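Here the structure comes first, spelled out in C-alpha cells, and everything after it is commentary.
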Amino acid sequence: MTTALASLLLAVTAATPPAARPSPAPAALPARPKLVLAVAIDQFRYDYLTRFRSEYTGGLRRLLDRGAVFTRARFQHFPSVTAIGHSTYLSGALPAMSGIIGNDWYDRATGRLVTSVSDPAEKILGGGAGEGASPRRMLVSTVGDELKIATASKSKVIGLSLKDRSAILPSGHMADLALWYDAQTGRFVSSTFYGAALPDWVIRFDDERKADAYRGGSWRGGDLPKEAGPALYGAVYGSPFGNDLLEALAERAVEAERLGQRGETDLLTVSFSSNDAVGHEKGPDSPEVRDISVRTDAALGRLFSYLDTRIGMGNVLVTLTADHGVAPLPEVAASRRMPGGRMPAGSVRDAVQAALVQRFGEGQWVVSPSDHSIYIDRKLVAAKRLDLDQVQDTAKEAVQALPHVLRVYTLHELLAGSASDDPVGRSLANSVSAQRTGDLELLLEPYWMFAARGTTHGSVFGYDMHVPVIFMGPGIRPGTYRRDITVNDVAPTLAEILGVESPSGAAGRVLDEVLAIR
Ligand SMILES: [Zn+2]
C-alpha cells in the first residue's frame with residue numbers, strides 16, 4: 001500500500017514539469033503572462049534602436065532579436081511631451097479624451113499652474129513637504145485599471161520611474177503603488193494617494209542608500225560628485241546611473257511584492273528618465289546619448305535576467321516604447337545646412353500682450369508663462385465686456401506675424417473642428433480640452449525651439465513623434481512590422497492579450513498581426 005502510494009506520488013511528481021521553466025514556442029493558446037512589464041524610455045527616438053544597434057548586447061538586443069518590432073510607430077497628439085506620452089502608452093487615449101494635455105497647464109478655475117499629476121489633496125510619502133500627486137487629472141482608465149477590475153484587484157499594478165508623472169500616469173487610478181525619485185535626497189517617494197505610509201520594502205531600499213554608491217561614478221558625460229548629497233543625487237538623475245538605480249528598484253519590487261509569482265497576472269511599469277535629462281542637455285547626436293543608450297540596454301538586460309531567474313522570461317510579456325523623441329541641437333542642424341534655430345523666450349507672450357493692449361486697452365492679458373500655450377485672462381475679457389473669440393483672433397494675428405511660426409490655432413477654432421483637415425491640425429484637434437487647453441496654441445517651424453540652450457521636444461515632426469514600439473513574450477509573433485501604427489494601439493493590444501476590457505478612452509486598434517494564433 002505504502003509502496004503503491006509512493007510510486008504514484010513519484011509518477012505524479014515526475015510528470016509535473018518544473019513550474020518556472022519557459023516553455024518552447026507554443027503552437028497555440030499561450031497561457032496568460034504571469035507578468036506584464038511595460039517599459040518606457042524617456043526621450044528615446046526610434047533611430048536610437050537602429051543607430052546603436054551593433055552596440056546593444058543586453059535587453060534592447062533581446063527585444064530586437066526576439067520581439068515584434070514596429071518600425072513606423074508614431075504619436076498623433078500635440079505637444080509631444082512626457083506626461084502625454086506616458087498617459088497615452090497604457091490608456092491608448094488621446095489628450096482630448098484623457099485630459100492630460102501637457103506636462104503642466106494653467107488651471108483657469110484656480111488661476112494656478114498645475115502639473116499633470118499635482119494634487120493638493122495628497123501629500124508626498126517619504127520626502128519633504130510639498131504638494132502630493134495622483135492620477136486624478138487623468139479622466140480615462142489604463143490597462144492596469146482594467147486588469148484590476150477584471151480580477152477583482154487580485155492583480156497587482158505598480159508604476160516605477162524617476163519622474164512622478166511617468167510612474168503615476170501609466171499605472172493608473174487603481175495602481176497599488178507608484179514610486180519616483182527625489183533628487184534632493186536620493187530616495188524613492190510616493191503619495192498618500194496610494195496609502196498612509198511607504199511599504200516597508202521601499203523604506204529598506206531607501207535606507208540602503210544605493211544612490212551613494214555612485215559617488216565618483218564615471219561615464220561619457222564625466223565623473224559624478226565624490227560626496228553624498230543633493231549634488232550627487234541630481235547628477236545620478238542626469239546620468240546612466242539613474243537608470244541603474246531604477247532597475248535595482250524594479251528587481252526589489254518584483255521580489256518584495258512577488259510580482260508574477262502569485263498565480264495572477266501582475267503589471268509593472270518602468271519608465272527610465274535619465275535618457276531625457278542627458279538628451280536635453282547634449283542632444284541626440286552626442287556621445288553622451290549614445291553612451292546612455294548602450295547602458296540602458298545593459299540595465300534592461302539585467303532586469304530581464306533577473307525576471308528570467310525569478311519568473312521565467314517565457315511567462316513575461318514585455319512592451320517597450322518612448323514618450324517622445326527630441327530635436328537636434330539647432331547648432332548641429334545649422335552645421336548640416338539644415339533649417340532651425342532658437343526663438344527668444346517670451347517673444348510670443350510679449351507680442352500677444354502688446355496687440356491686446358493696443359486693441360482692447362490696458363491690462364495684464366496673458367496669465368501663463370508658456371510661449372506655446374497662451375492663456376488669456378478671462379476675467380479681464382468679461383470685465384471689459386469683450387467677445388472672447390474676437391480677443392483670441394486678435395492674439396492669433398499678432399502671433400502669426402512673428403518669424404518662424406508655422407501655425408497658430410485659437411481655442412474656438414480647435415473646438416469647432418476647423419483645424420482637423422490636415423495632419424498637423426489633426427494632432428492639435430486630438431489634444432484639445434475646452435477647460436484645459438490654452439486660448440492660443442502655437443507650433444514653430446521644424447527644428448525651431450524656444451529653449452535658450454540644449455534642445456527639446458514637443459513638436460509634431462518626425463524627430464519628436466517617431467518612437468519604438470516592441471512587444472515580446474508569450475503569444476507574440478516576433479518579426480519586423482513596417483505598417484504605420486500609433487502608440488495608441490499598444491493599450492488595446494495588451495487588453496486583448498490579457499482578455500480584459502479595452503481602456504475607456506483607447507483610440508487605437510488591436511495590433512492583431514503580432515498575436516500568435518490562439
Ligand atoms: Zn519625456
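Letters A, B, ... go to the chains of the C-alpha cells in the order shown; residues in each chain start at 1; ligands are counted from 1 in the same order.
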Exercise for review: Let me have all residues with an atom within 12 Å of ligand 1, counting only C-alpha atoms and all ligand atoms, laid out as a PyMOL selection string.
Suggested key: chain A and resi 40-45+79-87+102-103+161-167+271-280+321-326+456-458+464-465+467
Go ahead and write the residues just picked, N, CA and C atoms, as a short mmCIF file (atom, residue, chain, number, x, y, z; two decimals), in the first residue's frame.
```cif
data_model
loop_
_atom_site.label_atom_id
_atom_site.label_comp_id
_atom_site.auth_asym_id
_atom_site.auth_seq_id
_atom_site.Cartn_x
_atom_site.Cartn_y
_atom_site.Cartn_z
N ALA A 40 9.06 52.14 -20.57
CA ALA A 40 9.16 53.36 -21.38
C ALA A 40 10.56 53.93 -21.16
N ILE A 41 11.15 54.41 -22.22
CA ILE A 41 12.41 55.13 -22.09
C ILE A 41 12.13 56.57 -22.47
N ASP A 42 12.43 57.47 -21.54
CA ASP A 42 12.08 58.88 -21.71
C ASP A 42 13.01 59.52 -22.75
N GLN A 43 12.39 60.06 -23.81
CA GLN A 43 13.15 60.70 -24.90
C GLN A 43 14.06 59.68 -25.60
N PHE A 44 13.48 58.63 -26.14
CA PHE A 44 14.24 57.61 -26.86
C PHE A 44 13.69 57.50 -28.27
N ARG A 45 14.35 58.18 -29.19
CA ARG A 45 13.89 58.19 -30.58
C ARG A 45 13.98 56.81 -31.20
N PRO A 79 1.16 68.73 -27.43
CA PRO A 79 2.58 68.62 -27.74
C PRO A 79 3.15 67.26 -27.36
N SER A 80 4.28 66.91 -27.97
CA SER A 80 4.92 65.62 -27.69
C SER A 80 5.79 65.77 -26.44
N VAL A 81 5.16 65.58 -25.30
CA VAL A 81 5.86 65.75 -24.01
C VAL A 81 5.61 64.53 -23.11
N THR A 82 6.34 64.50 -22.01
CA THR A 82 6.40 63.33 -21.13
C THR A 82 5.04 62.88 -20.61
N ALA A 83 4.27 63.81 -20.06
CA ALA A 83 3.00 63.41 -19.43
C ALA A 83 2.05 62.82 -20.46
N ILE A 84 1.99 63.41 -21.64
CA ILE A 84 1.06 62.90 -22.65
C ILE A 84 1.54 61.56 -23.18
N GLY A 85 2.84 61.44 -23.45
CA GLY A 85 3.37 60.16 -23.92
C GLY A 85 3.08 59.04 -22.94
N HIS A 86 3.28 59.33 -21.66
CA HIS A 86 3.07 58.29 -20.64
C HIS A 86 1.59 58.00 -20.40
N SER A 87 0.72 59.00 -20.51
CA SER A 87 -0.70 58.71 -20.34
C SER A 87 -1.24 57.95 -21.55
N GLY A 102 -0.77 68.17 -21.30
CA GLY A 102 0.60 68.68 -21.25
C GLY A 102 1.28 68.20 -19.98
N ASN A 103 2.55 68.58 -19.81
CA ASN A 103 3.21 68.31 -18.52
C ASN A 103 2.60 69.19 -17.43
N SER A 161 9.38 54.98 -11.72
CA SER A 161 10.12 55.88 -12.61
C SER A 161 10.96 56.81 -11.75
N LEU A 162 11.80 57.60 -12.41
CA LEU A 162 12.46 58.68 -11.67
C LEU A 162 11.54 59.91 -11.61
N LYS A 163 10.57 60.01 -12.52
CA LYS A 163 9.64 61.16 -12.56
C LYS A 163 8.27 60.76 -12.04
N ASP A 164 7.64 61.65 -11.31
CA ASP A 164 6.31 61.35 -10.75
C ASP A 164 5.30 60.99 -11.85
N ARG A 165 5.17 61.85 -12.85
CA ARG A 165 4.15 61.62 -13.89
C ARG A 165 4.39 60.31 -14.64
N SER A 166 5.66 59.92 -14.76
CA SER A 166 5.99 58.72 -15.54
C SER A 166 5.79 57.44 -14.73
N ALA A 167 5.64 57.57 -13.41
CA ALA A 167 5.26 56.43 -12.57
C ALA A 167 3.75 56.36 -12.42
N SER A 271 9.62 53.31 -16.15
CA SER A 271 9.98 54.37 -17.09
C SER A 271 11.35 54.95 -16.73
N PHE A 272 12.30 54.75 -17.62
CA PHE A 272 13.68 55.23 -17.40
C PHE A 272 13.77 56.70 -17.82
N SER A 273 14.09 57.56 -16.87
CA SER A 273 14.03 59.01 -17.10
C SER A 273 15.36 59.66 -17.45
N SER A 274 16.47 59.02 -17.07
CA SER A 274 17.77 59.70 -17.20
C SER A 274 18.11 60.01 -18.65
N ASN A 275 17.61 59.19 -19.58
CA ASN A 275 17.85 59.45 -21.00
C ASN A 275 17.36 60.84 -21.40
N ASP A 276 16.24 61.27 -20.81
CA ASP A 276 15.67 62.58 -21.13
C ASP A 276 16.58 63.71 -20.64
N ALA A 277 17.08 63.55 -19.42
CA ALA A 277 17.96 64.59 -18.86
C ALA A 277 19.21 64.75 -19.72
N VAL A 278 19.80 63.63 -20.10
CA VAL A 278 21.03 63.68 -20.91
C VAL A 278 20.72 64.24 -22.29
N GLY A 279 19.60 63.82 -22.87
CA GLY A 279 19.25 64.26 -24.22
C GLY A 279 18.97 65.75 -24.30
N HIS A 280 18.27 66.31 -23.32
CA HIS A 280 18.01 67.76 -23.32
C HIS A 280 19.31 68.54 -23.28
N THR A 321 8.29 51.27 -25.28
CA THR A 321 8.10 52.43 -26.15
C THR A 321 8.86 53.62 -25.54
N ALA A 322 8.67 54.79 -26.13
CA ALA A 322 9.22 56.02 -25.58
C ALA A 322 8.09 57.04 -25.53
N ASP A 323 8.26 58.07 -24.71
CA ASP A 323 7.19 59.06 -24.56
C ASP A 323 7.25 60.17 -25.61
N HIS A 324 8.40 60.30 -26.27
CA HIS A 324 8.61 61.31 -27.31
C HIS A 324 10.04 61.17 -27.77
N GLY A 325 10.38 61.88 -28.85
CA GLY A 325 11.77 61.93 -29.30
C GLY A 325 12.41 63.23 -28.89
N VAL A 326 13.22 63.80 -29.77
CA VAL A 326 13.88 65.07 -29.48
C VAL A 326 14.43 65.66 -30.78
N THR A 456 15.16 70.37 -27.17
CA THR A 456 13.89 69.99 -26.57
C THR A 456 13.02 69.23 -27.57
N HIS A 457 11.80 68.93 -27.14
CA HIS A 457 10.84 68.18 -27.94
C HIS A 457 9.49 68.84 -27.72
N GLY A 458 8.45 68.36 -28.37
CA GLY A 458 7.13 68.95 -28.20
C GLY A 458 6.43 69.15 -29.53
N ASP A 464 10.37 64.15 -33.15
CA ASP A 464 9.71 64.13 -31.83
C ASP A 464 8.65 63.04 -31.70
N MET A 465 8.11 62.58 -32.84
CA MET A 465 6.90 61.74 -32.82
C MET A 465 7.14 60.27 -33.13
N VAL A 467 8.73 56.84 -32.49
CA VAL A 467 9.32 56.16 -31.33
C VAL A 467 9.26 54.64 -31.53
#
```
Practice item. Using DSSP on the backbone, list every residue of region 302-387 of chain A that comes out as helix (DSSP H, G or I), and give them as number ranges by chain. Key: A: 302-310, 313-315, 330-335, 347-360, 378-383
Preceding selection exported with C-alpha atoms as a compact mmCIF listing (two decimals), in the first residue's frame:
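Result file is part05.txt:
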```txt
# COMPACT_ATOMS: atom_id res chain seq x y z
CA ARG A 302 19.95 42.89 -16.08
CA LEU A 303 16.22 43.25 -15.45
CA PHE A 304 15.39 40.54 -17.99
CA SER A 305 17.99 38.19 -16.47
CA TYR A 306 16.54 38.76 -13.05
CA LEU A 307 12.99 38.11 -14.30
CA ASP A 308 14.18 35.01 -16.10
CA THR A 309 15.56 33.56 -12.87
CA ARG A 310 12.59 34.60 -10.81
CA MET A 313 11.00 35.14 -19.38
CA GLY A 314 8.62 32.76 -21.15
CA ASN A 315 6.00 33.98 -18.69
CA PRO A 330 19.93 73.95 -33.55
CA GLU A 331 23.69 74.50 -33.82
CA VAL A 332 24.15 70.93 -35.05
CA ALA A 333 21.29 71.41 -37.53
CA ALA A 334 22.96 74.61 -38.78
CA SER A 335 26.27 72.81 -39.25
CA SER A 347 8.56 86.72 -27.61
CA VAL A 348 5.11 85.24 -28.20
CA ARG A 349 3.65 86.36 -24.88
CA ASP A 350 5.04 89.86 -25.45
CA ALA A 351 3.52 90.05 -28.94
CA VAL A 352 0.11 88.95 -27.67
CA GLN A 353 0.22 91.31 -24.72
CA ALA A 354 1.14 94.28 -26.93
CA ALA A 355 -1.54 93.52 -29.53
CA LEU A 356 -4.30 93.14 -26.95
CA VAL A 357 -3.32 96.34 -25.12
CA GLN A 358 -3.34 98.22 -28.42
CA ARG A 359 -6.74 96.88 -29.46
CA PHE A 360 -8.61 96.47 -26.17
CA ARG A 378 -10.90 85.57 -18.95
CA LYS A 379 -11.91 87.85 -16.06
CA LEU A 380 -10.41 90.82 -17.87
CA VAL A 381 -12.24 89.82 -21.07
CA ALA A 382 -15.50 89.64 -19.10
CA ALA A 383 -14.85 92.89 -17.19
```
**Study point:** 12 Å contact set for Trp180 (chain A), only C-alpha atoms, chain neighbours under 3 positions out, as a VMD selection string
**Key:** chain A and resid 124 to 127 133 158 to 169 177 183 185 to 191 198 202 206 237 242 to 243 245 to 246 249 to 250 269 to 273
Practice item. Can you pull out every residue within 9 Å of Phe52 (chain A), counting only C-alpha atoms, but drop anything in the same chain fewer than 4 positions away, and send it as JSON, numbers by chain? Key: {"A": [47, 48, 56, 290, 293, 294]}
With C-alpha atoms retained, write the just-selected residues as a CSV table (one decimal), in the first residue's frame.
```
chain,number,residue,atom,x,y,z
A,47,ASP,CA,16.6,55.8,-34.6
A,48,TYR,CA,18.4,55.1,-31.3
A,56,TYR,CA,23.4,46.5,-28.0
A,290,ARG,CA,25.0,57.1,-27.3
A,293,SER,CA,21.5,54.3,-24.8
A,294,VAL,CA,24.1,51.5,-24.6
```
Check your understanding: region 32-219 of chain A: which residues are strand (DSSP E) by DSSP, as a ChimeraX atom specification?
Key -> /A:35-41,68-74,104-107,112-115,118-125,131-133,157-161,177-182,187-191,218-219
Study note, to complete from the structure: One residue among A:Ala429, A:Met449, A:Ala68, A:Ala327 is nearest to Ile101 (chain A) when using only C-alpha atoms, and that residue is A:Ala429
